[in-house]
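J.: There's a structure below that I have some questions on.
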Amino acid sequence: MSGVTDKKDVGSSKRQDGSVSHERRRFVCGVGWVIGAALAPQAVLHAFGPAGEGEAQSFDDPPLIPVGGHPVYLHLKDKVPDPQVITFKVQYPGKDPIKLVGHFWYNKETVESGRKCPAIVELNPYRRRDGMITVDSGMYPWFAYNEYLCFRLDLQGAGDSEGMLTDEYTDEELLYCTQVIHQIAEHPWCDGNVGMMGESWSAINSLMVASRHDCPSVLKAIIVNCGNDDRYGDDVHYMGGAMMQDNVAWPSSMWGWLALPPDPGIVGHRWKEMWRERIKNADFWFRQWATHQSRDSYWKRASVLDHYERVKIPVYIMSGWQDGYKNPVDRVVRGLAAVGMPVGGLIGPWGHSYPFRGFPGPRIDWLRYIVTHWWDKWLKGIEPPADTELPQLTAWLGMSKEPGRSSCPDDEGRWIAEDSDWPTRIKEKVFHLCPNKRLSHAEPAGHAECVSSGRLLFATTMLETSSYGSCGNNDLPGDQAEIDSKSLYFDSGPLTDDMDCFGHPIVNLTLACDKPLASIAVRLCEVSPETQSSHLVTYSFFNLCYRGDDMTKPQRIEPGIAFKVAVPLNLMGHTFKKGWRIRLSVSPSFFPTMWQSPEKPTITLHTGVFGDLPASTLVLPGRKPRPDDNRLKVLLPPTADVVSVDVEDYVPTTGDPKRPGGNTREVEHITVDGKKGILVKKVFDGGRYRYGGPLEELWVDQVAHENFQMLYDDPLSLIGFTSSVSILKRQSAGDEWKVKAETSTRVWTEKDQAGQYYFKYTAMVKTFIADTEGRFNPFEQKTVEGSIPRLWV
């Protein structure tokens, strides 16, 4: 490990007071929801409370966890200065050593006194300076204030680090993580104890490092926020074996993300050589993700789900009901508890964000709690009072509400206390699918068939598979009533009492399909007694080729032959209120969130017993109140302070003219060659801002476009195509450094003369360097393209 340099590393930003959109901080084309959600600060905070401007608020109160109340800024820079740059030397067997670049926050008084601290580290490819600095500055200075060294590193081939990133979570990446952890433990300011944490990518690699055979003994605990333990069945690629739109959007996002150069202010004159290497070795990761269409060894290698027993350190895992990674919270809590490991879990109402800044609220004062009840416990050996600890699994129980796209209003509901044994307490509520679109507790006397429409379903009130978790980003599912009416749907009668549910609803279907490949979308909604609007509670996609319950062994559908399939829906915590109706909807298409099968399928759903096949049912996981729920009323009071660090202290933005950032999503009706269809257009505008301070007046200007298009009744017309333009510019010492990267991607399907379907893809990147007159001249460019047999999706 090389020594700490004199150069401090920090980005810049406006204060999070709502006056400037925070989506601009999502550097480089948030074409995928994961990037957008992971990088936005996602909180509208105001200076509040007794702390004066420039002063640190003192918190000596009992370690309760207030929620939903007044946001409070902490001013900590008098004790926690700007982070310092640091490099690490790592090596993978058979390759030359490379340097990974990072920076770290520290407590100046602690360092000057000679006291050593535990350390916390996070590694991902999202550019620690112009990508992650605003997110980090709202959190890591608080940990440093409480005497932790907080390290953030660029993974290989990203940001300012050397090497190449060839895929998610490779053995090379994870080995580098272990080497970095060892070196951090040996840092002269570290006491030898290390924690690892992160959100999204860095949450996932934290869990993977904890499960490795070479997990460093100095790694004492991890925090997993919006992470995953199952890369095939429950990630951004496939859901229930059905391919999602994110399997196209996410590699497109990474294609643009990794096309940017290192900063010459950090790496010096080598920046061109490093940039050229990145472009020449770039690959479009859709190639491997679409090649592996079943849960084969490619996915198993990196899925902790298959070997919880290897995890030998405590894990705290969190997510929100509006996030795509809620299921892993339950699985990890139960999986690690079963092998006797300390584990905690938290599921709030928010989307892809940390608990102290996610939307919809209520948010919780997570920063203070996690220091005293997790890091201090496992990295410093300080036991918190038992009566102030959250339950093993804390969850938000929302309640029936009118649907709405906005995530700004707080959710209504209450916190509940659960643990790894919750499945043993379920009281199943069984509803039978009946003729005349009814859900009934009573099994139908006879058998009936319900046949889906032959038309493709355009579900334009659900354009995302997960929420970004930020206010002002209208990405929650809207009213489902219109697409319900075009699906096979079944309604209960008005409920006579409130019904609490926690767990996975199971939908048991007896059905037949007329095509050999097909996936279905299954949605659980509730219907308002006042407006008849349909609010989405939970859902899942399911590939019918996995009706045998083994995702390693897909089987083609025998057209017209009925079979049974059990579809577990995504985890839910919800109160269905008295007077509302429960609705179950099933459809063999769901554009754009579920990638359409190559042929237009029709399904025949059987109600009642059909031959030797069972009746179709919906099984809800009923929940009874628990005594521990009352304790949460004290630990999680409805109104109190929620603290965050004042980001403006570390990352102010300066300069004019500026272009505010923002996201838009539009649905456009189109005509192509006389055929009508729909185009879903998403624009992720990061804005144009100048970052001062140690980033030396760096201008960042970036915009990305994501589009999905399909014509009515023509599944082969489905196309996903994206583009991005990113410009970096700095004026210093009379010289101007100005670069640009342009990317585009396109994914579609073709059919050959033998009747075989193929994914086709192309991805292009062009880079430019400006001359002394400011004109862009071509630097490096690359185009990759390919063809992948569509075997199971």
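Ordered as shown in the structure tokens, chains take letters A, B, and onward, while each chain numbers its residues from 1 and ligands are numbered from 1 in the order shown.
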Write out as a PDB file with N, CA and C atoms, in the first residue's frame each polymer residue whose atoms come within 9 Å of A:Tyr316, counting only C-alpha atoms; drop sequence neighbours fewer than 6 positions from it.

T.:
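Saved result, part-v9.pdb, follows:
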```pdb
ATOM      1  N   ALA A 221     -17.470  -7.512  10.297  1.00  0.00           N
ATOM      2  CA  ALA A 221     -18.915  -7.390  10.079  1.00  0.00           C
ATOM      3  C   ALA A 221     -19.144  -6.645   8.778  1.00  0.00           C
ATOM      4  N   ILE A 222     -20.346  -6.809   8.208  1.00  0.00           N
ATOM      5  CA  ILE A 222     -20.675  -6.097   6.980  1.00  0.00           C
ATOM      6  C   ILE A 222     -22.092  -5.530   7.077  1.00  0.00           C
ATOM      7  N   ILE A 223     -22.359  -4.524   6.228  1.00  0.00           N
ATOM      8  CA  ILE A 223     -23.696  -3.960   6.046  1.00  0.00           C
ATOM      9  C   ILE A 223     -24.041  -4.064   4.572  1.00  0.00           C
ATOM     10  N   VAL A 224     -25.209  -4.623   4.283  1.00  0.00           N
ATOM     11  CA  VAL A 224     -25.671  -4.838   2.912  1.00  0.00           C
ATOM     12  C   VAL A 224     -26.941  -4.011   2.725  1.00  0.00           C
ATOM     13  N   ASN A 225     -26.864  -2.935   1.959  1.00  0.00           N
ATOM     14  CA  ASN A 225     -28.049  -2.123   1.691  1.00  0.00           C
ATOM     15  C   ASN A 225     -28.472  -2.299   0.238  1.00  0.00           C
ATOM     16  N   VAL A 329     -33.500  -9.670   1.857  1.00  0.00           N
ATOM     17  CA  VAL A 329     -33.463  -9.371   3.286  1.00  0.00           C
ATOM     18  C   VAL A 329     -33.979 -10.561   4.078  1.00  0.00           C
ATOM     19  N   VAL A 333     -31.590 -13.227   6.295  1.00  0.00           N
ATOM     20  CA  VAL A 333     -31.863 -13.340   7.727  1.00  0.00           C
ATOM     21  C   VAL A 333     -32.149 -14.794   8.097  1.00  0.00           C
ATOM     22  N   PRO A 342     -24.818 -14.293  13.621  1.00  0.00           N
ATOM     23  CA  PRO A 342     -25.536 -13.062  13.970  1.00  0.00           C
ATOM     24  C   PRO A 342     -25.979 -12.340  12.697  1.00  0.00           C
ATOM     25  N   VAL A 343     -27.235 -11.947  12.659  1.00  0.00           N
ATOM     26  CA  VAL A 343     -27.771 -11.312  11.470  1.00  0.00           C
ATOM     27  C   VAL A 343     -28.920 -10.398  11.874  1.00  0.00           C
ATOM     28  N   GLY A 344     -29.063  -9.298  11.153  1.00  0.00           N
ATOM     29  CA  GLY A 344     -30.179  -8.387  11.355  1.00  0.00           C
ATOM     30  C   GLY A 344     -30.706  -7.934  10.014  1.00  0.00           C
ATOM     31  N   GLY A 345     -31.994  -7.606   9.979  1.00  0.00           N
ATOM     32  CA  GLY A 345     -32.601  -7.172   8.737  1.00  0.00           C
ATOM     33  C   GLY A 345     -33.575  -6.038   8.957  1.00  0.00           C
ATOM     34  N   LEU A 346     -33.739  -5.210   7.934  1.00  0.00           N
ATOM     35  CA  LEU A 346     -34.634  -4.061   7.992  1.00  0.00           C
ATOM     36  C   LEU A 346     -35.247  -3.851   6.620  1.00  0.00           C
ATOM     37  N   TRP A 374     -24.268  -1.354  15.657  1.00  0.00           N
ATOM     38  CA  TRP A 374     -23.660  -2.314  14.738  1.00  0.00           C
ATOM     39  C   TRP A 374     -22.153  -2.154  14.693  1.00  0.00           C
TER      40      TRP A 374
END
```

J.: Do a neighbour search on A:Ser466 at 8 Å with only C-alpha atoms, toss out local chain neighbours closer than 5 positions, and write the hits as a PyMOL selection string.

T.: chain A and resi 33+322-324+351-352+475-476

J.: Go ahead and write the residues just picked, all heavy atoms, as a PDB file, in the first residue's frame.

T.:
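Final output, saved to result.pdb:
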```pdb
ATOM      1  N   TRP A  33     -31.757   1.270 -13.590  1.00  0.00           N
ATOM      2  CA  TRP A  33     -32.290   1.779 -12.336  1.00  0.00           C
ATOM      3  C   TRP A  33     -31.316   1.605 -11.194  1.00  0.00           C
ATOM      4  O   TRP A  33     -31.317   2.351 -10.237  1.00  0.00           O
ATOM      5  CB  TRP A  33     -33.608   1.093 -12.011  1.00  0.00           C
ATOM      6  CG  TRP A  33     -33.544  -0.369 -11.792  1.00  0.00           C
ATOM      7  CD1 TRP A  33     -33.736  -1.340 -12.710  1.00  0.00           C
ATOM      8  CD2 TRP A  33     -33.259  -1.034 -10.573  1.00  0.00           C
ATOM      9  NE1 TRP A  33     -33.592  -2.569 -12.154  1.00  0.00           N
ATOM     10  CE2 TRP A  33     -33.305  -2.425 -10.830  1.00  0.00           C
ATOM     11  CE3 TRP A  33     -32.976  -0.606  -9.277  1.00  0.00           C
ATOM     12  CZ2 TRP A  33     -33.079  -3.372  -9.862  1.00  0.00           C
ATOM     13  CZ3 TRP A  33     -32.748  -1.562  -8.314  1.00  0.00           C
ATOM     14  CH2 TRP A  33     -32.800  -2.922  -8.608  1.00  0.00           C
ATOM     15  N   GLN A 322     -40.265  -0.709  -2.064  1.00  0.00           N
ATOM     16  CA  GLN A 322     -40.284  -0.228  -3.444  1.00  0.00           C
ATOM     17  C   GLN A 322     -38.990  -0.548  -4.182  1.00  0.00           C
ATOM     18  O   GLN A 322     -38.816  -0.143  -5.335  1.00  0.00           O
ATOM     19  CB  GLN A 322     -40.536   1.284  -3.469  1.00  0.00           C
ATOM     20  CG  GLN A 322     -41.855   1.703  -2.870  1.00  0.00           C
ATOM     21  CD  GLN A 322     -43.050   1.105  -3.590  1.00  0.00           C
ATOM     22  OE1 GLN A 322     -42.995   0.774  -4.770  1.00  0.00           O
ATOM     23  NE2 GLN A 322     -44.150   0.938  -2.868  1.00  0.00           N
ATOM     24  N   ASP A 323     -38.081  -1.266  -3.550  1.00  0.00           N
ATOM     25  CA  ASP A 323     -36.821  -1.635  -4.181  1.00  0.00           C
ATOM     26  C   ASP A 323     -36.942  -3.014  -4.820  1.00  0.00           C
ATOM     27  O   ASP A 323     -37.807  -3.820  -4.456  1.00  0.00           O
ATOM     28  CB  ASP A 323     -35.704  -1.636  -3.132  1.00  0.00           C
ATOM     29  CG  ASP A 323     -34.343  -1.910  -3.745  1.00  0.00           C
ATOM     30  OD1 ASP A 323     -34.105  -1.457  -4.879  1.00  0.00           O
ATOM     31  OD2 ASP A 323     -33.529  -2.600  -3.103  1.00  0.00           O
ATOM     32  N   GLY A 324     -36.035  -3.305  -5.747  1.00  0.00           N
ATOM     33  CA  GLY A 324     -36.005  -4.619  -6.368  1.00  0.00           C
ATOM     34  C   GLY A 324     -35.308  -5.671  -5.538  1.00  0.00           C
ATOM     35  O   GLY A 324     -35.295  -6.849  -5.911  1.00  0.00           O
ATOM     36  N   GLY A 351     -37.573   3.132  -1.570  1.00  0.00           N
ATOM     37  CA  GLY A 351     -37.021   2.423  -2.714  1.00  0.00           C
ATOM     38  C   GLY A 351     -35.547   2.144  -2.523  1.00  0.00           C
ATOM     39  O   GLY A 351     -35.073   1.883  -1.404  1.00  0.00           O
ATOM     40  N   HIS A 352     -34.783   2.228  -3.623  1.00  0.00           N
ATOM     41  CA  HIS A 352     -33.371   1.849  -3.642  1.00  0.00           C
ATOM     42  C   HIS A 352     -32.543   2.949  -2.997  1.00  0.00           C
ATOM     43  O   HIS A 352     -31.966   3.809  -3.664  1.00  0.00           O
ATOM     44  CB  HIS A 352     -32.952   1.629  -5.089  1.00  0.00           C
ATOM     45  CG  HIS A 352     -31.719   0.811  -5.269  1.00  0.00           C
ATOM     46  ND1 HIS A 352     -31.666  -0.543  -5.058  1.00  0.00           N
ATOM     47  CD2 HIS A 352     -30.468   1.164  -5.658  1.00  0.00           C
ATOM     48  CE1 HIS A 352     -30.452  -0.994  -5.317  1.00  0.00           C
ATOM     49  NE2 HIS A 352     -29.706   0.026  -5.675  1.00  0.00           N
ATOM     50  N   ASP A 475     -41.647   7.319 -10.104  1.00  0.00           N
ATOM     51  CA  ASP A 475     -41.397   5.995 -10.666  1.00  0.00           C
ATOM     52  C   ASP A 475     -42.148   4.887  -9.938  1.00  0.00           C
ATOM     53  O   ASP A 475     -41.905   3.713 -10.178  1.00  0.00           O
ATOM     54  CB  ASP A 475     -39.899   5.684 -10.678  1.00  0.00           C
ATOM     55  CG  ASP A 475     -39.238   5.879  -9.326  1.00  0.00           C
ATOM     56  OD1 ASP A 475     -39.958   6.091  -8.328  1.00  0.00           O
ATOM     57  OD2 ASP A 475     -38.000   5.831  -9.261  1.00  0.00           O
ATOM     58  N   LEU A 476     -43.073   5.238  -9.052  1.00  0.00           N
ATOM     59  CA  LEU A 476     -43.888   4.194  -8.429  1.00  0.00           C
ATOM     60  C   LEU A 476     -44.965   3.737  -9.409  1.00  0.00           C
ATOM     61  O   LEU A 476     -45.379   4.493 -10.286  1.00  0.00           O
ATOM     62  CB  LEU A 476     -44.538   4.727  -7.155  1.00  0.00           C
ATOM     63  CG  LEU A 476     -43.614   5.188  -6.031  1.00  0.00           C
ATOM     64  CD1 LEU A 476     -44.432   5.517  -4.792  1.00  0.00           C
ATOM     65  CD2 LEU A 476     -42.565   4.143  -5.706  1.00  0.00           C
TER      66      LEU A 476
END
```

J.: Write out as an MDAnalysis selection string which residues come within 10 Å of A:Thr745 when counting only C-alpha atoms, dropping same-chain ones fewer than 5 positions away.

T.: chainID A and resid 248:249 251:253 255:256 284 706 720:724 761:765 783:785

J.: Per DSSP on the backbone, what are the strand (DSSP E or B) residues of stretch 187-282 of chain A, as a list in words?

T.: Cys190, Asp191, Gly192, Asn193, Val194, Gly195, Met196, Met197, Gly198, Glu199, Leu219, Lys220, Ala221, Ile222, Ile223, Val224, Asn225, Asp234, Tyr238, Met239, Ala242, Met243 and Met244 of chain A

J.: Write out as a PyMOL selection string all residues of stretch 316-506 of chain A that backbone DSSP assigns to alpha helix (DSSP H).

T.: chain A and resi 327-338+366-370+376-379+481-485

J.: For the residues in that selection, give me N, CA and C atoms as a CSV table (one decimal), in the first residue's frame.

T.:
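Output saved as again-v9.csv:
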```csv
chain,number,residue,atom,x,y,z
A,327,ASN,N,-36.6,-9.2,-1.4
A,327,ASN,CA,-36.6,-10.6,-1.1
A,327,ASN,C,-35.3,-11.0,-0.3
A,328,PRO,N,-34.1,-10.6,-0.8
A,328,PRO,CA,-32.9,-11.0,-0.1
A,328,PRO,C,-32.8,-10.7,1.4
A,329,VAL,N,-33.5,-9.7,1.9
A,329,VAL,CA,-33.5,-9.4,3.3
A,329,VAL,C,-34.0,-10.6,4.1
A,330,ASP,N,-35.1,-11.0,3.7
A,330,ASP,CA,-35.7,-12.2,4.4
A,330,ASP,C,-34.8,-13.4,4.2
A,331,ARG,N,-34.4,-13.7,3.0
A,331,ARG,CA,-33.6,-14.9,2.7
A,331,ARG,C,-32.3,-14.9,3.5
A,332,VAL,N,-31.6,-13.8,3.5
A,332,VAL,CA,-30.4,-13.8,4.3
A,332,VAL,C,-30.6,-13.9,5.8
A,333,VAL,N,-31.6,-13.2,6.3
A,333,VAL,CA,-31.9,-13.3,7.7
A,333,VAL,C,-32.1,-14.8,8.1
A,334,ARG,N,-33.0,-15.4,7.3
A,334,ARG,CA,-33.3,-16.8,7.7
A,334,ARG,C,-32.1,-17.8,7.4
A,335,GLY,N,-31.4,-17.5,6.3
A,335,GLY,CA,-30.3,-18.4,5.9
A,335,GLY,C,-29.2,-18.3,6.9
A,336,LEU,N,-28.8,-17.1,7.4
A,336,LEU,CA,-27.7,-17.0,8.3
A,336,LEU,C,-28.1,-17.4,9.7
A,337,ALA,N,-29.4,-17.1,10.1
A,337,ALA,CA,-29.9,-17.6,11.4
A,337,ALA,C,-29.9,-19.1,11.5
A,338,ALA,N,-30.2,-19.7,10.4
A,338,ALA,CA,-30.2,-21.2,10.4
A,338,ALA,C,-28.8,-21.8,10.6
A,366,TRP,N,-31.1,6.4,10.9
A,366,TRP,CA,-30.2,5.2,10.8
A,366,TRP,C,-28.8,5.4,11.1
A,367,LEU,N,-28.2,6.6,10.7
A,367,LEU,CA,-26.8,6.8,10.9
A,367,LEU,C,-26.4,6.7,12.4
A,368,ARG,N,-27.2,7.3,13.3
A,368,ARG,CA,-26.9,7.2,14.7
A,368,ARG,C,-27.0,5.8,15.2
A,369,TYR,N,-28.1,5.1,14.8
A,369,TYR,CA,-28.4,3.8,15.3
A,369,TYR,C,-27.3,2.8,14.8
A,370,ILE,N,-26.9,2.9,13.6
A,370,ILE,CA,-26.0,1.8,13.0
A,370,ILE,C,-24.6,2.0,13.6
A,376,ASP,N,-20.1,-0.2,16.4
A,376,ASP,CA,-19.5,-0.2,17.8
A,376,ASP,C,-19.5,-1.6,18.4
A,377,LYS,N,-20.6,-2.3,18.1
A,377,LYS,CA,-20.7,-3.6,18.7
A,377,LYS,C,-19.7,-4.6,18.1
A,378,TRP,N,-19.6,-4.6,16.8
A,378,TRP,CA,-18.7,-5.7,16.1
A,378,TRP,C,-17.3,-5.2,15.9
A,379,LEU,N,-17.1,-3.9,15.8
A,379,LEU,CA,-15.7,-3.5,15.5
A,379,LEU,C,-15.0,-2.9,16.7
A,481,ALA,N,-55.7,-0.4,-12.9
A,481,ALA,CA,-57.1,-0.9,-13.3
A,481,ALA,C,-57.2,-1.2,-14.8
A,482,GLU,N,-56.5,-0.3,-15.7
A,482,GLU,CA,-56.7,-0.5,-17.1
A,482,GLU,C,-56.0,-1.8,-17.6
A,483,ILE,N,-54.8,-2.1,-17.1
A,483,ILE,CA,-54.1,-3.3,-17.5
A,483,ILE,C,-54.7,-4.5,-16.8
A,484,ASP,N,-55.3,-4.3,-15.6
A,484,ASP,CA,-56.0,-5.4,-15.0
A,484,ASP,C,-57.1,-5.9,-15.9
A,485,SER,N,-57.8,-4.9,-16.5
A,485,SER,CA,-59.0,-5.3,-17.3
A,485,SER,C,-58.6,-6.0,-18.6
```

J.: Quick one, how far is atom CA of A:Val747 from atom CA of A:Asn570?

T.: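 Between these atoms lies a distance of 27.5 Å.
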
J.: Need to verify the contact set: A:Pro362, 10 Å, only C-alpha atoms, exclusion of same-chain residues closer than 3 positions in sequence. Can you return it as a list in words?

T.: Pro66, Val67, Gly68, Gly69, Gly348, Pro349, Trp350, Pro355, Phe356, Arg357, Gly358, Phe359, Trp396, Pro409, Asp410, Asp411, Glu412, Gly413, Arg414, Pro638 and Thr639 of chain A

J.: Given only C-alpha atoms as the basis, pick out the residue of A:Pro83, A:Pro601, A:Gly94, A:Gly114 nearest to A:Gly454.

T.: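 The answer is A:Pro601, which sits nearest to A:Gly454.
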
J.: Excluding A:Gly159 and residues on its chain fewer than 4 positions from it, collect all residues at most 9 Å away from it, counting only C-alpha atoms, and give them as a VMD selection string.

T.: chain A and resid 101 125 to 131 153 to 155 258 260 to 263

J.: Would you mind reading off the distance between atom CA of A:Ser452 and atom CA of A:Val565, one decimal, in Å?

T.: 16.9 Å
